[in-house]
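Student: Attaching a single structure in structure tokens format; questions to follow.
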Amino acid sequence: MSGPPGIIRKQTGAEMIKPGSRWKSKVCSAEVVIVRSPAGEAHPQCGGEDMVPLGESFEAAPIKPGFGGGCSVGKRYKSVANGLEVLCTKAGAGTLGAIGEALTVIEAKKLPASD
Amino acid sequence: MRIPLLLELTAEALPDRIAIDSQSGSLTYAALQSAARSVASLLRRHSIDNAAFLGLNSPMFPISLFASAIAGLPFSPLNYRLTDDNLRQLLARLAPAAVIVDDGMTERVVGVPGIIPVRHEDLRRAMQLAPPELDPPPDAPSDTAVLLFTSGTSGAPKAAVLSHQNLTSYVLQTVEFLGAQEDEATLVCVPPYHIAGVSSLITSVYSGRRIVQLESFTAQDWVRTVRDFSVTNAMLVPTMLSRILDEMQRGEIELPSLRSIAYGGGRMPEPVIRSALEKMPHVEFTNAYGLTETSSTIAILGPEDHRLARGGNPKALDRLKSVGRPVSSVAVEVRDAEGRRVAPGVPGEVFVRGDQVSGEYVGMKSTGEDGWFPTKDLGWFDRDGYLFIDGRLDDVIVRGGENISPGEIEDVLRVHPAVEDTAVVGAPDDRWGERIVAFVVRRKSATVSAEEIQSWVRERLRSTKSPQDVLFRTELPYSETGKLLRRLLRNEMTRNDQD
């Protein structure tokens with residue numbers, strides 16, 4: 001699941017996928033924040049491509065077939081396989097994923113404002 | 001995750017939306033973010049461990065809260081109602097620290113060793129400089145976001161530690177990012193040193209809601225502010241709601257912009273919420289139960305339950321006495337004195353566990369190895385999972401070996417037509433260990449005797465729960481945040497015995 005040739009990944013491994021870290025899609029306008037780190041190695045992906053840390057330069061890539069389902073701002077997404085949880089902070093055309101699998105949206109029960 | 005991210009995300013998505021609105025001016029989300037960064041960089045010029053805040057609600061409160069978090073400093077809003085001595089003792093515990101202080105309060109903090117007063121004019125000067133875009137993040141930011149001194153009933157106040165993790169998980173689990181409509185505005189009238197003052201800020205910021213601030217609460221100002229700022233949402237403590245209802249009735253005022261009211265922070269008298277449901281038919285009500293140590297709300301009785309009660313559904317009316325059901329991100333259990341989980345209907349101590357639960361104080365951890373926090377609240381679940389809180393464990397009256405909850409007796413007394421307010425406490429008794437004392441405030445021009453009060457309770461509860469003493473008062477002691485100060489009443493009874 002490495003990026004296109006020529007892009008050097010600065011770091012790999014789970015220690016980099018920290019809660020609060022922000023990531024940008026290479027295939028669309030989507031951005032996410034990590035809410036929960038994955039158990040083990042699981043890079044956040046969008047449109048079938050690894051996402052990049054927000055602010056770092058990258059080469060745009062096309063959406064891989066089957067990963068164009070889109071993501072919506074304000075929704076949280078989760079990997080059932082490894083526990084990775086992200087918050088979508090900018091919507092996009094790519095499907096959010098990890099280890100080649102699509103993340104599933106967390107259907108949050110809307111609570112009334114309590115404070 | 002840390003709380004500055006919550007503001008950063010909203011400021012990027014909705015830079016021009018009004019974040020803070022008050023009589024003293026307004027700030028957009030972009031301006032709030034920029035001000036917080038500038039003040040963070042001011043704070044980082046000092047060698048300090050903490051940032052304190054002494055003042056009323058104003059835009060300086062959210063600016064200081066987020067600035068401290070950006071600077072990696074624990075933020076401690078202090079109770080300005082404390083005596084100078086007590087205030088300076090708390091400041092000494094935070095030293096070395098900067099204290100951001102309201103203009104009229106500066107003299108109260110000067111001369112405490114290790115305390116640097118930061119005036120509003122200092123903040124304004126820092127905010128005039130361009131925000132330091134490239135300030136590197138602090139080397140070792142504190143995990144502690146907020147330190148809140150609890151009003152200890154005995155001994156020195158404890159400083160409850162709320163971590164960035166506690167607060168952000170509370171926000172993420174209970175609020176939808178940018179979930180507020182553009183015309184929504186919430187009115188914050190609890191003081192900055194109350195957990196709801198802190199939690200309402202960060203949840204509103206994350207949802208992109210306009211936050212209207214009331215410097216300090218009076219019913220008249222509250223009603224006027226709701227009208228002037230087209231407020232849609234508000235959080236209140238029970239005593240405030242009762243005063244607002246009186247004010248609305250007195251002035252024949254309607255509040256058409258208001259859509260929802262959340263209440264919590266103390267026991268809601270049933271007649272007050274019933275009257276509110278009737279007098280504000282267009283408003284949704286939510287009862288939120290939580291503690292400082294749990295980063296605010298852990299259980300909710302929602303609008304649907306209140307709607308059913310408004311319609312006269314008997315089960316729903318009964319449940320108005322409950323705090324609803326636990327939110328999905330926490331686990332709540334009721335346990336007996338041996339620590340065993342009890343069946344529905346059986347009272348015991350309420351325990352809670354979850355990411356938002358701190359249960360930690362400076363220098364002391366109160367949660368067990370397994371993360372369960374003992375709330376010291378006495379409560380029970382009904383068969384449908386609704387949680388009823390009977391009061392503090394420390395307030396339970398033990399009379400002749402029987403445990404009696406003052407809340408149960410107070411609930412019965414409050415529905416007596418002549419009773420305006422009441423408090424039931426235990427007083428030392430040579431024969432029974434404790435005896436039950438009911439303090440009663442009579443409604444204006446109503447008459448009721450001690451004997452009538454006693455038989456009212458006897459007929460509705462057991463005879464052992466009828467108060468031995470009934471004392472009439474013109475008012476009862478409450479803290480500014482609406483907590484009944486039972487210990488003052490108890491102390492009074494103890495003193496009388498010694499006289």
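Identifiers in the structure tokens: chain A, B, ... in order shown; residue index from 1 per chain; ligand index from 1 in order shown.
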Skip B:Met240 itself and residues of its chain fewer than 4 positions away, then list as a VMD selection string all residues within 10 Å of it, counting only C-alpha atoms.

Tutor: chain B and resid 189 to 190 217 to 219 222 235 to 236 244 to 246 263 480 to 482

Student: Using only C-alpha atoms and a distance of at most 9 Å, pull out the residues of chain B that contact chain A, as a PyMOL selection string.

Tutor: chain B and resi 1-2+5+9+13+169+172-179+188+196-197+199-201+203-204+233-236+260-264+285-289+296-297+300+302-303+327-328

Student: Expressed in Å to a single decimal, how great is the separation between atom CA of A:Gly55 and atom CA of B:Ser34?

Tutor: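 Atom CA of B:Ser34 lies 19.1 Å from atom CA of A:Gly55.
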
Student: Counting only C-alpha atoms, what is within 7 Å of stretch 212-215 of chain B, bar same-chain residues fewer than 3 positions away, as JSON, numbers by chain?

Tutor: {"B": [20, 21, 22, 56, 57, 58, 185, 186, 187, 188, 189]}

Student: Keeping only N, CA and C atoms, write the selected residues as a short mmCIF file (atom, residue, chain, number, x, y, z; two decimals), in the first residue's frame.

Tutor:
data_model
loop_
_atom_site.label_atom_id
_atom_site.label_comp_id
_atom_site.auth_asym_id
_atom_site.auth_seq_id
_atom_site.Cartn_x
_atom_site.Cartn_y
_atom_site.Cartn_z
N ILE B 20 -18.51 33.93 19.74
CA ILE B 20 -18.82 34.47 21.06
C ILE B 20 -19.57 35.78 20.90
N ASP B 21 -20.70 35.87 21.59
CA ASP B 21 -21.54 37.06 21.50
C ASP B 21 -21.83 37.50 22.92
N SER B 22 -21.62 38.75 23.22
CA SER B 22 -21.96 39.23 24.56
C SER B 22 -22.16 40.73 24.50
N LEU B 56 -15.64 37.06 35.57
CA LEU B 56 -16.99 36.72 35.13
C LEU B 56 -16.93 36.19 33.70
N ASN B 57 -18.08 35.74 33.18
CA ASN B 57 -18.15 35.35 31.78
C ASN B 57 -17.88 36.55 30.89
N SER B 58 -16.98 36.39 29.94
CA SER B 58 -16.70 37.42 28.93
C SER B 58 -15.94 36.70 27.83
N ALA B 185 -28.13 29.65 18.80
CA ALA B 185 -27.28 30.35 19.76
C ALA B 185 -27.56 29.78 21.13
N THR B 186 -26.50 29.51 21.88
CA THR B 186 -26.68 28.97 23.22
C THR B 186 -26.31 30.04 24.24
N LEU B 187 -27.07 30.11 25.32
CA LEU B 187 -26.80 31.11 26.35
C LEU B 187 -26.11 30.43 27.53
N VAL B 188 -24.88 30.88 27.81
CA VAL B 188 -24.12 30.33 28.94
C VAL B 188 -24.24 31.29 30.12
N CYS B 189 -24.84 30.81 31.20
CA CYS B 189 -24.99 31.69 32.36
C CYS B 189 -24.40 31.09 33.62
#

Student: Can you check which residues of stretch 183-229 of chain B DSSP gives as strand (DSSP E or B) on the backbone and send them as a PDB file with N, CA and C atoms, in the first residue's frame?

Tutor:
ATOM      1  N   ALA B 185     -28.125  29.646  18.797  1.00  0.00           N
ATOM      2  CA  ALA B 185     -27.280  30.351  19.760  1.00  0.00           C
ATOM      3  C   ALA B 185     -27.561  29.780  21.135  1.00  0.00           C
ATOM      4  N   THR B 186     -26.501  29.512  21.876  1.00  0.00           N
ATOM      5  CA  THR B 186     -26.677  28.973  23.220  1.00  0.00           C
ATOM      6  C   THR B 186     -26.308  30.044  24.238  1.00  0.00           C
ATOM      7  N   LEU B 187     -27.073  30.105  25.316  1.00  0.00           N
ATOM      8  CA  LEU B 187     -26.803  31.106  26.351  1.00  0.00           C
ATOM      9  C   LEU B 187     -26.108  30.426  27.531  1.00  0.00           C
ATOM     10  N   VAL B 188     -24.882  30.881  27.813  1.00  0.00           N
ATOM     11  CA  VAL B 188     -24.123  30.332  28.943  1.00  0.00           C
ATOM     12  C   VAL B 188     -24.240  31.289  30.116  1.00  0.00           C
ATOM     13  N   ARG B 210     -23.182  29.556  17.956  1.00  0.00           N
ATOM     14  CA  ARG B 210     -22.907  30.877  18.533  1.00  0.00           C
ATOM     15  C   ARG B 210     -23.114  30.794  20.048  1.00  0.00           C
ATOM     16  N   ILE B 211     -22.147  31.319  20.790  1.00  0.00           N
ATOM     17  CA  ILE B 211     -22.209  31.246  22.251  1.00  0.00           C
ATOM     18  C   ILE B 211     -22.482  32.637  22.801  1.00  0.00           C
ATOM     19  N   VAL B 212     -23.623  32.798  23.460  1.00  0.00           N
ATOM     20  CA  VAL B 212     -23.959  34.082  24.066  1.00  0.00           C
ATOM     21  C   VAL B 212     -23.625  33.984  25.551  1.00  0.00           C
ATOM     22  N   GLN B 213     -22.958  34.995  26.059  1.00  0.00           N
ATOM     23  CA  GLN B 213     -22.527  34.924  27.455  1.00  0.00           C
ATOM     24  C   GLN B 213     -23.289  35.907  28.326  1.00  0.00           C
TER      25      GLN B 213
END

Student: What lies within 6 Å of stretch 322-324 of chain B using only C-alpha atoms, ignoring chain neighbours under 5 positions off, as number ranges by chain?

Tutor: B: 289, 299-301, 386-388

Student: Given only C-alpha atoms as the basis, pick out the residue of A:Gly70, A:Gly47, A:Pro53, A:Pro38 nearest to A:Asn82.

Tutor: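 Nearest candidate to A:Asn82 out of A:Gly70, A:Gly47, A:Pro53, A:Pro38: A:Pro38.
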
Student: Between B:Met493, B:His120, B:Glu475, B:Ile409, which one has atoms that come closest to B:Glu459, using only C-alpha atoms?

Tutor: B:Ile409

Student: Just want the 7 Å neighbourhood of B:Ile63, counted on only C-alpha atoms, with same-chain residues fewer than 4 positions away dropped. Output as a VMD selection string.

Tutor: chain B and resid 32 35 to 36 59 67

Student: Run DSSP on the backbone and give me the residues of stretch 167-351 of chain B it puts in alpha helix (DSSP H), as a VMD selection string.

Tutor: chain B and resid 167 to 174 195 to 207 219 to 228 238 to 250 270 to 279 303 to 310 314 to 319

Student: Contacts of B:Val357 at 10 Å or less, counting only C-alpha atoms, minus same-chain residues fewer than 6 places along, as a list in words?

Tutor: Leu162, Ser163, Gln165, Asn166, Leu167, Ser169, Tyr170, Leu291, Thr292, Glu293, Thr294, Ser295, Ser296, Ile298, Val330, Thr367, Gly371, Trp372 and Phe373 of chain B

Student: Please provide the set of residues having any atom within 10 Å of stretch 37-50 of chain B, restricted to only C-alpha atoms, with same-chain residues fewer than 3 positions apart removed, written as an NGL selection string.

Tutor: :B and (4 or 31-34 or 60 or 63-76 or 91 or 93-100 or 114-116 or 118 or 122-133 or 135-136 or 138 or 142 or 144-147)

Student: Looking at A:Lys78, A:Gly92, A:Ala42, A:Glu49, which one is nearest to A:Glu107, with distances taken over only C-alpha atoms?

Tutor: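 Using only C-alpha atoms, the shortest distance to A:Glu107 belongs to A:Lys78.
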
Student: Record the distance separating atom CA of B:Glu247 and atom CA of B:Glu278, expressed in Å with one decimal.

Tutor: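 Straight-line distance from atom CA of B:Glu247 to atom CA of B:Glu278 works out to 15.2 Å.
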
Student: Rounded to one decimal in Å, what is the spacing between atom CA of B:Thr239 and atom CA of B:His282?

Tutor: 21.1 Å
